[in-house]
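Participant: The structure is given below, and queries will be raised subsequently.
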Amino acid sequence: RTCAKPAVDAGTGAVDYNASAVLESNLTLYEVQVALGRSFVPLVAVGGQTLLRIASNLTSAVLDGLDVGSKYYVRVYAESRTGTSLPSLLLDQSVGGAPSSPRSLAAVVSGQLSLNVSFRAPADLGLGEGVGGVALLGYGVDLSLSPAFDVIAASFSLGADAGWVVA
């Protein structure tokens, strides 16, 4: 089995994930199951169906409409005229993750008791570098007198309600 990097629809934020299986000549179909837990109860609807059945001549299925930040479990059964196989090895895959750190941090003294802090958006918003269309909810800014940040003098949240989208 193989896994491709998740793809994000920039318009809707929906995630497509591609899983592939090895083709066997005497099979009639594959059944792909997707769930949010190892017990596979309940199954997650993919493309409007909780059981995705694909023809045996196909070796992959696009699992679309998944949520960014969720961990999915995938297993595949093979069916032939004589019965159904045991499930494949369990594949667990998180769709997206935490963004990388903001870039190009700079601070300029802008008054007797103030700093103007600037930075650039993260290169990776959690789905791979250069993949945009994911809502960045905000930034946290900490101020410390220690380079180890063992004592935080002040902490700020920026844009938590803005729902910015970084392209």
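Labeling convention for the structure tokens: chains A, B, ... as they appear, residues from 1 per chain, ligands from 1 in order of appearance.
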With only C-alpha atoms as the counted atoms, please give the residues lying no more than 12 Å from stretch 71-75 of chain A, apart from itself and same-chain residues fewer than 6 positions off, as a ChimeraX atom specification.

Facilitator: /A:1-3,15,17-21,30-46,50-52,61-64,85-97

Participant: Excluding stretch 115-127 of chain A and residues on its chain fewer than 3 positions from it, collect all residues at most 6 Å away from it, counting only C-alpha atoms, and give them as a PyMOL selection string.

Facilitator: chain A and resi 96-110

Participant: Which of these residues is nearest to A:Ala154, using only C-alpha atoms: A:Val141, A:Leu58, A:Leu29, A:Leu113?

Facilitator: A:Val141

Participant: So the first atom is atom CA of A:Ile152 and the second is atom CA of A:Ala135; what is the distance between them in Å, to one decimal place?

Facilitator: 27.6 Å

Participant: At what distance in Å, to one decimal, does atom CA of A:Gly47 lie from atom CA of A:Gly65?

Facilitator: 7.1 Å

Participant: Using DSSP secondary structure from the backbone, list all strand (DSSP E or B) positions within stretch 22-143 of chain A, as a CSV table (one decimal) with N, CA and C atoms, in the first residue's frame.

Facilitator:
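So selection26.csv came out as:
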chain,number,residue,atom,x,y,z
A,29,LEU,N,-13.7,-7.1,-6.2
A,29,LEU,CA,-13.7,-5.7,-5.8
A,29,LEU,C,-12.9,-5.5,-4.5
A,30,TYR,N,-12.7,-4.2,-4.2
A,30,TYR,CA,-12.0,-3.9,-2.9
A,30,TYR,C,-13.1,-3.1,-2.1
A,31,GLU,N,-13.0,-3.2,-0.8
A,31,GLU,CA,-13.8,-2.4,0.1
A,31,GLU,C,-12.9,-1.6,1.0
A,32,VAL,N,-13.0,-0.3,0.9
A,32,VAL,CA,-12.2,0.6,1.7
A,32,VAL,C,-13.0,1.1,2.8
A,33,GLN,N,-12.5,1.0,4.1
A,33,GLN,CA,-13.2,1.5,5.2
A,33,GLN,C,-12.4,2.6,5.9
A,34,VAL,N,-13.0,3.7,6.3
A,34,VAL,CA,-12.4,4.8,6.9
A,34,VAL,C,-13.1,5.1,8.2
A,35,ALA,N,-12.3,5.4,9.3
A,35,ALA,CA,-12.9,5.7,10.6
A,35,ALA,C,-12.0,6.7,11.4
A,43,LEU,N,-18.1,4.1,11.0
A,43,LEU,CA,-17.3,4.4,9.9
A,43,LEU,C,-17.6,5.8,9.4
A,46,VAL,N,-17.3,8.7,3.2
A,46,VAL,CA,-16.4,9.2,2.2
A,46,VAL,C,-17.2,9.3,0.9
A,49,GLN,N,-20.6,7.8,1.1
A,49,GLN,CA,-20.8,6.4,1.5
A,49,GLN,C,-20.0,6.0,2.6
A,52,LEU,N,-16.8,2.2,1.0
A,52,LEU,CA,-16.4,2.6,-0.4
A,52,LEU,C,-16.0,1.3,-1.1
A,53,ARG,N,-16.7,0.9,-2.1
A,53,ARG,CA,-16.4,-0.3,-2.9
A,53,ARG,C,-15.9,0.1,-4.2
A,54,ILE,N,-14.7,-0.4,-4.6
A,54,ILE,CA,-14.1,-0.1,-5.9
A,54,ILE,C,-13.8,-1.3,-6.7
A,55,ALA,N,-13.9,-1.2,-8.0
A,55,ALA,CA,-13.6,-2.4,-8.9
A,55,ALA,C,-12.2,-2.9,-8.7
A,60,SER,N,-6.5,2.3,-6.4
A,60,SER,CA,-6.4,3.4,-5.5
A,60,SER,C,-7.8,4.0,-5.4
A,61,ALA,N,-8.0,4.7,-4.3
A,61,ALA,CA,-9.3,5.4,-4.1
A,61,ALA,C,-9.0,6.8,-3.5
A,62,VAL,N,-9.7,7.8,-4.0
A,62,VAL,CA,-9.5,9.1,-3.4
A,62,VAL,C,-10.5,9.3,-2.2
A,63,LEU,N,-10.0,9.5,-1.1
A,63,LEU,CA,-10.9,9.7,0.1
A,63,LEU,C,-11.0,11.2,0.3
A,64,ASP,N,-12.0,11.8,-0.2
A,64,ASP,CA,-12.1,13.3,-0.1
A,64,ASP,C,-13.1,13.7,0.9
A,65,GLY,N,-13.1,15.1,1.2
A,65,GLY,CA,-14.0,15.7,2.2
A,65,GLY,C,-13.6,15.4,3.6
A,66,LEU,N,-12.3,15.1,3.8
A,66,LEU,CA,-11.8,14.8,5.2
A,66,LEU,C,-11.5,16.2,5.8
A,71,LYS,N,-7.3,12.7,12.6
A,71,LYS,CA,-6.5,11.4,12.3
A,71,LYS,C,-7.5,10.4,11.9
A,72,TYR,N,-7.3,9.8,10.7
A,72,TYR,CA,-8.1,8.8,10.1
A,72,TYR,C,-7.4,7.5,10.1
A,73,TYR,N,-8.3,6.4,10.2
A,73,TYR,CA,-7.8,5.0,10.2
A,73,TYR,C,-8.4,4.4,8.9
A,74,VAL,N,-7.6,3.7,8.1
A,74,VAL,CA,-8.0,3.2,6.8
A,74,VAL,C,-7.6,1.7,6.8
A,75,ARG,N,-8.5,0.9,6.3
A,75,ARG,CA,-8.3,-0.5,6.1
A,75,ARG,C,-9.0,-0.9,4.8
A,76,VAL,N,-8.5,-2.0,4.1
A,76,VAL,CA,-9.0,-2.4,2.9
A,76,VAL,C,-9.3,-3.9,2.9
A,77,TYR,N,-10.4,-4.4,2.4
A,77,TYR,CA,-10.7,-5.8,2.3
A,77,TYR,C,-10.7,-6.1,0.8
A,78,ALA,N,-10.3,-7.3,0.4
A,78,ALA,CA,-10.5,-7.8,-1.0
A,78,ALA,C,-11.6,-8.8,-1.0
A,79,GLU,N,-12.4,-8.7,-2.0
A,79,GLU,CA,-13.5,-9.6,-2.2
A,79,GLU,C,-13.4,-10.3,-3.5
A,80,SER,N,-13.7,-11.6,-3.5
A,80,SER,CA,-13.7,-12.4,-4.7
A,80,SER,C,-15.0,-13.2,-4.7
A,83,GLY,N,-15.2,-15.3,-1.4
A,83,GLY,CA,-15.3,-14.8,0.0
A,83,GLY,C,-14.6,-13.4,0.1
A,84,THR,N,-14.5,-13.0,1.4
A,84,THR,CA,-13.9,-11.7,1.7
A,84,THR,C,-12.6,-12.0,2.5
A,91,LEU,N,-3.9,1.4,8.5
A,91,LEU,CA,-3.1,2.6,8.1
A,91,LEU,C,-3.7,3.8,8.9
A,92,ASP,N,-2.9,4.5,9.7
A,92,ASP,CA,-3.4,5.6,10.4
A,92,ASP,C,-2.7,6.9,9.9
A,93,GLN,N,-3.5,7.9,9.5
A,93,GLN,CA,-2.9,9.0,8.9
A,93,GLN,C,-3.6,10.3,9.4
A,94,SER,N,-2.8,11.2,9.9
A,94,SER,CA,-3.4,12.5,10.2
A,94,SER,C,-3.4,13.4,9.0
A,103,ARG,N,8.1,33.1,10.3
A,103,ARG,CA,9.4,33.4,9.8
A,103,ARG,C,9.8,34.9,9.9
A,104,SER,N,11.0,35.1,9.8
A,104,SER,CA,11.6,36.5,9.7
A,104,SER,C,11.2,37.4,10.8
A,105,LEU,N,11.3,36.9,12.0
A,105,LEU,CA,11.0,37.7,13.2
A,105,LEU,C,12.0,38.9,13.3
A,106,ALA,N,11.4,40.0,13.6
A,106,ALA,CA,12.2,41.2,13.8
A,106,ALA,C,11.6,42.1,14.8
A,107,ALA,N,12.4,42.9,15.5
A,107,ALA,CA,11.8,43.8,16.5
A,107,ALA,C,12.6,45.1,16.4
A,108,VAL,N,11.9,46.2,16.4
A,108,VAL,CA,12.5,47.6,16.4
A,108,VAL,C,11.9,48.4,17.5
A,109,VAL,N,12.8,49.1,18.2
A,109,VAL,CA,12.4,50.0,19.3
A,109,VAL,C,11.6,51.1,18.7
A,110,SER,N,10.3,51.2,19.1
A,110,SER,CA,9.4,52.2,18.4
A,110,SER,C,9.0,53.3,19.4
A,111,GLY,N,9.6,53.3,20.5
A,111,GLY,CA,9.3,54.3,21.6
A,111,GLY,C,10.0,54.0,22.8
A,114,SER,N,8.4,50.7,24.1
A,114,SER,CA,7.7,49.9,23.2
A,114,SER,C,8.6,49.3,22.1
A,115,LEU,N,8.2,48.1,21.6
A,115,LEU,CA,8.8,47.4,20.5
A,115,LEU,C,7.8,47.2,19.4
A,116,ASN,N,8.2,47.3,18.2
A,116,ASN,CA,7.4,47.0,17.1
A,116,ASN,C,7.9,45.6,16.6
A,117,VAL,N,7.1,44.6,16.8
A,117,VAL,CA,7.5,43.2,16.4
A,117,VAL,C,6.9,42.9,15.1
A,118,SER,N,7.6,42.3,14.1
A,118,SER,CA,7.1,41.9,12.8
A,118,SER,C,7.5,40.5,12.5
A,119,PHE,N,6.8,39.8,11.7
A,119,PHE,CA,7.1,38.5,11.3
A,119,PHE,C,6.3,38.1,10.0
A,120,ARG,N,6.7,37.0,9.4
A,120,ARG,CA,6.0,36.5,8.2
A,120,ARG,C,5.3,35.3,8.6
A,134,VAL,N,-5.6,27.2,3.9
A,134,VAL,CA,-6.0,26.7,5.2
A,134,VAL,C,-6.1,27.9,6.2
A,135,ALA,N,-7.1,27.9,7.0
A,135,ALA,CA,-7.3,29.1,7.9
A,135,ALA,C,-6.3,29.1,9.0
A,136,LEU,N,-5.6,30.2,9.1
A,136,LEU,CA,-4.7,30.4,10.2
A,136,LEU,C,-5.4,31.2,11.2
A,139,TYR,N,-1.9,34.2,16.0
A,139,TYR,CA,-0.5,34.0,16.5
A,139,TYR,C,-0.5,34.3,18.0
A,140,GLY,N,0.5,33.6,18.6
A,140,GLY,CA,0.8,33.9,20.0
A,140,GLY,C,2.1,34.6,20.0
A,141,VAL,N,2.2,35.7,20.8
A,141,VAL,CA,3.5,36.4,21.0
A,141,VAL,C,3.8,36.4,22.5
A,142,ASP,N,5.0,35.9,22.8
A,142,ASP,CA,5.5,35.9,24.2
A,142,ASP,C,6.6,36.9,24.3
A,143,LEU,N,6.7,37.6,25.4
A,143,LEU,CA,7.8,38.5,25.7
A,143,LEU,C,8.5,38.0,27.0
